[in-house]
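Notes to accompany the following structure.
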Amino acid sequence: MFIYLNDKLVPSSEAKVSVFDHGFLYGDGIYETMRVYDGVVFMLDEHLRRLFRSALLIGLDIPKDVPGIKRALYETLKANGLADAYVRLTVSRGYGPIGLDPDLCKGATFVIIANEFKDYPHAYYAEGIRLMVASTRRNLREALNPQIKSLNFLNNILAKIEAKKADADEALMVNAGGYLTEGTISNIFFVRDHAVHTPSVECGILDGITRSLVIDLAARSGLAVREGEFVPDDLLQAEEAFITNTTMEVMPAGRIDGVHFKTGEVAKLLLKKYKEEVNGYVREKKGESPSLWE
């Protein structure tokens, strides 16, 4: 397995980051996770725009431009012989003395990790996964801007610990006002009163790229979509519910806090539309150039 570290590919056994790296010491950095279908990174431009937005919001200089990052991503996939994969791109503040001052670090650390993607069990999509509403509250948006996709994940980890103790696959968090926000690694949707509902960005969530695409697919399919403030009871009284993220795509919920749900027709429809969108995207990108990063 090869890792792209700073400016070159190295074997995973040699991919080492200093204990003085501020990403390790303080969670000072950003990342993006992407899916690769048949050799094409899905919605790559959207992910890179968000990466650079996150960097801007924390005053971090990414050591590569967009073409350079694309080249590095595809070189990593090629070196590992991967066509169907998930990729994590991480940029930390970099090496520096102990201390919170960002100026202590003279250059960012740039890492790409690519792994083979293995499909989730078919039963997850047929029967749904188990969700729970955690007691851990989502970080205040005024304290930590959720538009920063940062390495600081302790808030999510605490909720994930709750999920494991409750025998659930994913935890949902509410904000300080008691309104639903998002999961530890996902966005939540539910169907009620002939409409698809999902918490608005103003609730304090990351504007997920898969979330935005699913909202668009729902609208194109003639479904009403309502973004707003919803309490857990709104979710528990829904006809169906599902979560979205880059790797799960559209994943139905089979149980939330002891309330059982059937895999509904809306989730099935949106998963079908999502896969059609992926297939069209891959065909288009493969037709643009034999070297996708050029």
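By order of appearance in the structure tokens: chains A, B, ..., then residues from 1 within every chain, and ligands from 1 in the order shown.
The protein and nucleic acid residues lying at most 8 Å from A:Ile112 are Ile3, Tyr4, Leu5, Ala72, Leu73, Thr76, Val87, Arg88, Leu89 and Thr90 of chain A, with only C-alpha atoms considered and sequence neighbours fewer than 4 positions away removed.
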Keeping only N, CA and C atoms, write the selected residues as a PDB file, in the first residue's frame.
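Result file follows (out.pdb):
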ATOM      1  N   ILE A   3       1.142   5.503   0.264  1.00  0.00           N
ATOM      2  CA  ILE A   3       0.546   6.720   0.804  1.00  0.00           C
ATOM      3  C   ILE A   3       1.210   7.909   0.130  1.00  0.00           C
ATOM      4  N   TYR A   4       0.413   8.907  -0.218  1.00  0.00           N
ATOM      5  CA  TYR A   4       1.006  10.137  -0.739  1.00  0.00           C
ATOM      6  C   TYR A   4       1.261  11.056   0.452  1.00  0.00           C
ATOM      7  N   LEU A   5       2.531  11.315   0.725  1.00  0.00           N
ATOM      8  CA  LEU A   5       2.922  12.131   1.868  1.00  0.00           C
ATOM      9  C   LEU A   5       3.706  13.334   1.376  1.00  0.00           C
ATOM     10  N   ALA A  72      -2.089  14.291  -7.684  1.00  0.00           N
ATOM     11  CA  ALA A  72      -1.669  13.469  -6.557  1.00  0.00           C
ATOM     12  C   ALA A  72      -2.700  12.396  -6.228  1.00  0.00           C
ATOM     13  N   LEU A  73      -3.981  12.743  -6.300  1.00  0.00           N
ATOM     14  CA  LEU A  73      -5.038  11.769  -6.024  1.00  0.00           C
ATOM     15  C   LEU A  73      -4.987  10.605  -7.004  1.00  0.00           C
ATOM     16  N   THR A  76      -1.987   8.356  -6.621  1.00  0.00           N
ATOM     17  CA  THR A  76      -2.142   7.454  -5.474  1.00  0.00           C
ATOM     18  C   THR A  76      -3.022   6.268  -5.840  1.00  0.00           C
ATOM     19  N   VAL A  87     -11.133   7.524  -0.662  1.00  0.00           N
ATOM     20  CA  VAL A  87      -9.892   8.263  -0.513  1.00  0.00           C
ATOM     21  C   VAL A  87     -10.064   9.312   0.578  1.00  0.00           C
ATOM     22  N   ARG A  88      -9.087   9.395   1.441  1.00  0.00           N
ATOM     23  CA  ARG A  88      -9.085  10.458   2.441  1.00  0.00           C
ATOM     24  C   ARG A  88      -7.905  11.371   2.166  1.00  0.00           C
ATOM     25  N   LEU A  89      -8.205  12.661   2.003  1.00  0.00           N
ATOM     26  CA  LEU A  89      -7.207  13.700   1.801  1.00  0.00           C
ATOM     27  C   LEU A  89      -7.146  14.548   3.065  1.00  0.00           C
ATOM     28  N   THR A  90      -5.974  14.610   3.691  1.00  0.00           N
ATOM     29  CA  THR A  90      -5.801  15.320   4.945  1.00  0.00           C
ATOM     30  C   THR A  90      -4.730  16.393   4.792  1.00  0.00           C
TER      31      THR A  90
END
Report task. Give me the residues within 12 Å of A:Ala267 as a list in words, counting only C-alpha atoms and dropping any in the same chain fewer than 6 places off. Result -> Tyr125, Ala126, Glu127, Gly128, Ile188, Phe189, Phe190, Val191, Val196, Val214, Ile215, Leu217, Ala218, Leu223, Glu239, Glu240, Ala241, Phe242, Ile243, Thr244, Glu249, Val250, Met251, Pro252, Ala253, Gly254, Phe261, Lys273 and Tyr274 of chain A
Could the residues in this selection be saved with C-alpha atoms as a PDB file, in the first residue's frame?
ATOM      1  CA  TYR A 125     -30.123  -1.414   2.432  1.00  0.00           C
ATOM      2  CA  ALA A 126     -32.887  -4.019   2.572  1.00  0.00           C
ATOM      3  CA  GLU A 127     -33.644  -3.759   6.301  1.00  0.00           C
ATOM      4  CA  GLY A 128     -32.027  -0.485   7.355  1.00  0.00           C
ATOM      5  CA  ILE A 188     -30.321  12.671   8.385  1.00  0.00           C
ATOM      6  CA  PHE A 189     -33.499  12.757   6.265  1.00  0.00           C
ATOM      7  CA  PHE A 190     -37.039  11.641   7.037  1.00  0.00           C
ATOM      8  CA  VAL A 191     -40.311  11.422   5.139  1.00  0.00           C
ATOM      9  CA  VAL A 196     -38.712  14.881   2.523  1.00  0.00           C
ATOM     10  CA  VAL A 214     -29.827  14.043  -2.605  1.00  0.00           C
ATOM     11  CA  ILE A 215     -31.862  17.221  -2.038  1.00  0.00           C
ATOM     12  CA  LEU A 217     -32.340  14.504  -6.801  1.00  0.00           C
ATOM     13  CA  ALA A 218     -35.464  14.592  -4.633  1.00  0.00           C
ATOM     14  CA  LEU A 223     -40.661  15.337  -4.205  1.00  0.00           C
ATOM     15  CA  GLU A 239     -42.975   7.218   7.752  1.00  0.00           C
ATOM     16  CA  GLU A 240     -39.402   6.439   6.828  1.00  0.00           C
ATOM     17  CA  ALA A 241     -35.917   7.772   7.502  1.00  0.00           C
ATOM     18  CA  PHE A 242     -32.488   7.509   5.923  1.00  0.00           C
ATOM     19  CA  ILE A 243     -28.990   8.912   6.222  1.00  0.00           C
ATOM     20  CA  THR A 244     -26.550  10.000   3.544  1.00  0.00           C
ATOM     21  CA  GLU A 249     -24.829   7.034  -0.438  1.00  0.00           C
ATOM     22  CA  VAL A 250     -28.493   6.692   0.693  1.00  0.00           C
ATOM     23  CA  MET A 251     -28.838   4.329   3.649  1.00  0.00           C
ATOM     24  CA  PRO A 252     -32.291   3.571   5.147  1.00  0.00           C
ATOM     25  CA  ALA A 253     -32.913   3.485   8.890  1.00  0.00           C
ATOM     26  CA  GLY A 254     -34.503   0.327  10.279  1.00  0.00           C
ATOM     27  CA  PHE A 261     -39.085   1.657  10.347  1.00  0.00           C
ATOM     28  CA  LYS A 273     -31.373   8.072  -8.723  1.00  0.00           C
ATOM     29  CA  TYR A 274     -28.076   8.506  -6.888  1.00  0.00           C
TER      30      TYR A 274
END
Long-range neighbours of A:Tyr86 as a short mmCIF file (atom, residue, chain, number, x, y, z; two decimals) with C-alpha atoms, in the first residue's frame, 6 Å cut-off, only C-alpha atoms, 4 positions minimum in chain:
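Output file part37.cif follows:
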data_model
loop_
_atom_site.label_atom_id
_atom_site.label_comp_id
_atom_site.auth_asym_id
_atom_site.auth_seq_id
_atom_site.Cartn_x
_atom_site.Cartn_y
_atom_site.Cartn_z
CA MET A 34 -14.22 10.85 -1.48
CA ARG A 35 -15.59 7.83 -3.33
CA VAL A 36 -13.95 6.48 -6.45
CA ALA A 114 -6.60 5.35 -0.68
CA ASN A 115 -8.26 2.08 0.25
CA PHE A 117 -14.00 0.13 -1.17
#
Requested in this report: Using only C-alpha atoms, find the one residue out of A:Gly96, A:Gly23, A:Gly39, A:Gly280 that sits nearest to A:Leu82.
Outcome: A:Gly39
Query raised in the report: Which parts of stretch 92-284 of chain A does DSSP call alpha helix (DSSP H) when run on the backbone here, written out as a ChimeraX atom specification?
Result: /A:122-127,154-165,209-220,232-236,265-284
Mind dumping a table of every stretch 240-265 of chain A residue within 9 Å of stretch 156-173 of chain A, with the nearest atom pair and its distance in Å to one decimal, using only C-alpha atoms, sorted by chain and rising number, as a tab-separated table?
residue	atom	partner	partner_atom	distance
A:Arg255	CA	A:Ala168	CA	8.7
A:Ile256	CA	A:Ala168	CA	8.5
A:Asp257	CA	A:Ala168	CA	8.7
Save out the residues we just selected, C-alpha atoms, as a PDB file, in the first residue's frame.
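Done, and the output landed in selection_31.pdb:
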ATOM      1  CA  ARG A 255     -34.598   1.414  13.904  1.00  0.00           C
ATOM      2  CA  ILE A 256     -34.244   4.711  15.764  1.00  0.00           C
ATOM      3  CA  ASP A 257     -34.295   4.657  19.574  1.00  0.00           C
TER       4      ASP A 257
END
Got a sec: who's within 12 Å of A:Asp103, counting only C-alpha atoms, leaving out chain neighbours fewer than 6 positions off, as a CSV table (one decimal) with N, CA and C atoms, in the first residue's frame?
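Written output follows (out.csv):
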chain,number,residue,atom,x,y,z
A,22,HIS,N,1.0,19.5,14.3
A,22,HIS,CA,-0.1,20.2,15.0
A,22,HIS,C,-1.5,19.5,14.7
A,59,GLY,N,-7.4,29.7,8.1
A,59,GLY,CA,-6.1,30.4,7.8
A,59,GLY,C,-5.0,29.4,7.5
A,60,LEU,N,-5.3,28.3,6.8
A,60,LEU,CA,-4.3,27.3,6.5
A,60,LEU,C,-4.0,27.4,5.0
A,61,ASP,N,-2.7,27.4,4.7
A,61,ASP,CA,-2.3,27.4,3.3
A,61,ASP,C,-2.1,25.9,2.8
A,93,ARG,N,-1.9,21.5,9.9
A,93,ARG,CA,-1.1,22.7,10.0
A,93,ARG,C,0.4,22.4,9.8
A,94,GLY,N,0.8,21.2,10.2
A,94,GLY,CA,2.2,20.8,10.0
A,94,GLY,C,3.1,20.7,11.2
A,95,TYR,N,4.3,20.5,11.0
A,95,TYR,CA,5.3,20.3,12.1
A,95,TYR,C,5.6,21.7,12.7
A,96,GLY,N,5.7,21.7,14.1
A,96,GLY,CA,6.1,22.9,14.8
A,96,GLY,C,6.2,22.7,16.3
A,97,PRO,N,6.9,23.6,17.0
A,97,PRO,CA,7.0,23.4,18.4
A,97,PRO,C,5.6,23.4,19.1
Query - A:Val201 surroundings by only C-alpha atoms, 9 Å radius, close-in-sequence under 4 positions cut, as number ranges by chain - result: A: 146, 181, 205-207, 227-228
Residue selection dump (N, CA and C atoms) as a PDB file, in the first residue's frame:
ATOM      1  N   PRO A 146     -19.370  24.790  11.727  1.00  0.00           N
ATOM      2  CA  PRO A 146     -19.512  23.454  11.130  1.00  0.00           C
ATOM      3  C   PRO A 146     -19.145  23.416   9.649  1.00  0.00           C
ATOM      4  N   THR A 181     -29.527  17.835  14.248  1.00  0.00           N
ATOM      5  CA  THR A 181     -28.482  18.384  13.383  1.00  0.00           C
ATOM      6  C   THR A 181     -28.037  17.323  12.367  1.00  0.00           C
ATOM      7  N   ILE A 205     -24.865  22.373  10.958  1.00  0.00           N
ATOM      8  CA  ILE A 205     -24.368  21.159  10.320  1.00  0.00           C
ATOM      9  C   ILE A 205     -23.402  21.508   9.198  1.00  0.00           C
ATOM     10  N   LEU A 206     -22.608  20.533   8.818  1.00  0.00           N
ATOM     11  CA  LEU A 206     -21.793  20.645   7.615  1.00  0.00           C
ATOM     12  C   LEU A 206     -22.704  20.468   6.407  1.00  0.00           C
ATOM     13  N   ASP A 207     -22.521  21.297   5.405  1.00  0.00           N
ATOM     14  CA  ASP A 207     -23.330  21.174   4.190  1.00  0.00           C
ATOM     15  C   ASP A 207     -22.787  20.019   3.350  1.00  0.00           C
ATOM     16  N   GLU A 227     -36.280  21.960   4.345  1.00  0.00           N
ATOM     17  CA  GLU A 227     -35.135  22.124   5.236  1.00  0.00           C
ATOM     18  C   GLU A 227     -35.562  23.042   6.373  1.00  0.00           C
ATOM     19  N   GLY A 228     -35.293  22.636   7.608  1.00  0.00           N
ATOM     20  CA  GLY A 228     -35.739  23.458   8.723  1.00  0.00           C
ATOM     21  C   GLY A 228     -35.282  22.923  10.063  1.00  0.00           C
TER      22      GLY A 228
END
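Here the residues within stretch 17-112 of chain A that DSSP labels strand (DSSP E) on the basis of the backbone are Gly29, Ile30, Tyr31, Glu32, Thr33, Met34, Arg35, Val36, Tyr37, Val40, Val41, Ala85, Tyr86, Val87, Arg88, Leu89, Thr90, Val91, Ser92, Thr109, Phe110, Val111 and Ile112 of chain A.
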Can I get the selection written as a compact mmCIF listing (two decimals), in the first residue's frame, with N, CA and C atoms?
# COMPACT_ATOMS: atom_id res chain seq x y z
N GLY A 29 -6.32 20.96 11.53
CA GLY A 29 -6.22 20.60 10.12
C GLY A 29 -7.59 20.30 9.56
N ILE A 30 -7.62 19.90 8.31
CA ILE A 30 -8.87 19.68 7.59
C ILE A 30 -8.75 18.42 6.75
N TYR A 31 -9.88 17.93 6.25
CA TYR A 31 -9.84 16.72 5.43
C TYR A 31 -11.07 16.64 4.54
N GLU A 32 -11.01 15.74 3.58
CA GLU A 32 -12.14 15.37 2.73
C GLU A 32 -12.06 13.87 2.49
N THR A 33 -13.23 13.22 2.47
CA THR A 33 -13.32 11.81 2.10
C THR A 33 -14.10 11.70 0.80
N MET A 34 -13.60 10.95 -0.16
CA MET A 34 -14.22 10.85 -1.48
C MET A 34 -14.38 9.41 -1.92
N ARG A 35 -15.39 9.15 -2.72
CA ARG A 35 -15.59 7.83 -3.33
C ARG A 35 -15.03 7.83 -4.74
N VAL A 36 -14.48 6.69 -5.10
CA VAL A 36 -13.95 6.48 -6.45
C VAL A 36 -14.73 5.35 -7.09
N TYR A 37 -15.33 5.64 -8.24
CA TYR A 37 -16.11 4.65 -8.98
C TYR A 37 -15.44 4.42 -10.33
N VAL A 40 -12.82 6.89 -11.26
CA VAL A 40 -13.15 8.32 -11.28
C VAL A 40 -13.56 8.76 -9.88
N VAL A 41 -12.93 9.84 -9.40
CA VAL A 41 -13.29 10.41 -8.10
C VAL A 41 -14.58 11.19 -8.26
N ALA A 85 -12.78 2.68 -4.82
CA ALA A 85 -12.05 2.98 -3.61
C ALA A 85 -12.71 4.12 -2.85
N TYR A 86 -12.21 4.33 -1.64
CA TYR A 86 -12.50 5.58 -0.95
C TYR A 86 -11.16 6.22 -0.61
N VAL A 87 -11.13 7.52 -0.66
CA VAL A 87 -9.89 8.26 -0.51
C VAL A 87 -10.06 9.31 0.58
N ARG A 88 -9.09 9.40 1.44
CA ARG A 88 -9.09 10.46 2.44
C ARG A 88 -7.91 11.37 2.17
N LEU A 89 -8.20 12.66 2.00
CA LEU A 89 -7.21 13.70 1.80
C LEU A 89 -7.15 14.55 3.06
N THR A 90 -5.97 14.61 3.69
CA THR A 90 -5.80 15.32 4.95
C THR A 90 -4.73 16.39 4.79
N VAL A 91 -5.01 17.57 5.32
CA VAL A 91 -4.02 18.65 5.36
C VAL A 91 -3.98 19.17 6.79
N SER A 92 -2.84 19.00 7.46
CA SER A 92 -2.70 19.52 8.82
C SER A 92 -1.85 20.78 8.81
N THR A 109 1.26 19.70 6.40
CA THR A 109 1.46 18.29 6.08
C THR A 109 0.31 17.84 5.19
N PHE A 110 0.64 17.21 4.06
CA PHE A 110 -0.35 16.84 3.04
C PHE A 110 -0.32 15.32 2.87
N VAL A 111 -1.48 14.67 3.08
CA VAL A 111 -1.54 13.21 3.06
C VAL A 111 -2.74 12.74 2.25
N ILE A 112 -2.52 11.72 1.42
CA ILE A 112 -3.62 11.03 0.72
C ILE A 112 -3.53 9.56 1.03
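When atom CA of A:Gly178 is paired with atom CA of A:Asp234, their separation reads 11.9 Å.
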Query - 9 Å contact set for A:Leu57, only C-alpha atoms, chain neighbours under 4 positions out, as number ranges by chain - result: A: 52-53, 145, 147-148
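If you measure from each of A:Ala219, A:Ala238, A:Val282, A:Leu25 to A:Leu270 using only C-alpha atoms, the closest one turns out to be A:Ala219.
With atom CA of A:Arg138 on one side and atom CA of A:Val259 on the other, the separation reads 22.5 Å.
With distances restricted to only C-alpha atoms, A:Leu213 is the closest residue to A:Asn245 from A:Ala224, A:Val278, A:Leu213, A:Val231.
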**Report entry** Counting only C-alpha atoms, the residue of A:Ser135, A:Thr198, A:Thr210, A:Ser13 that sits nearest A:Phe230
**Finding:** A:Thr198
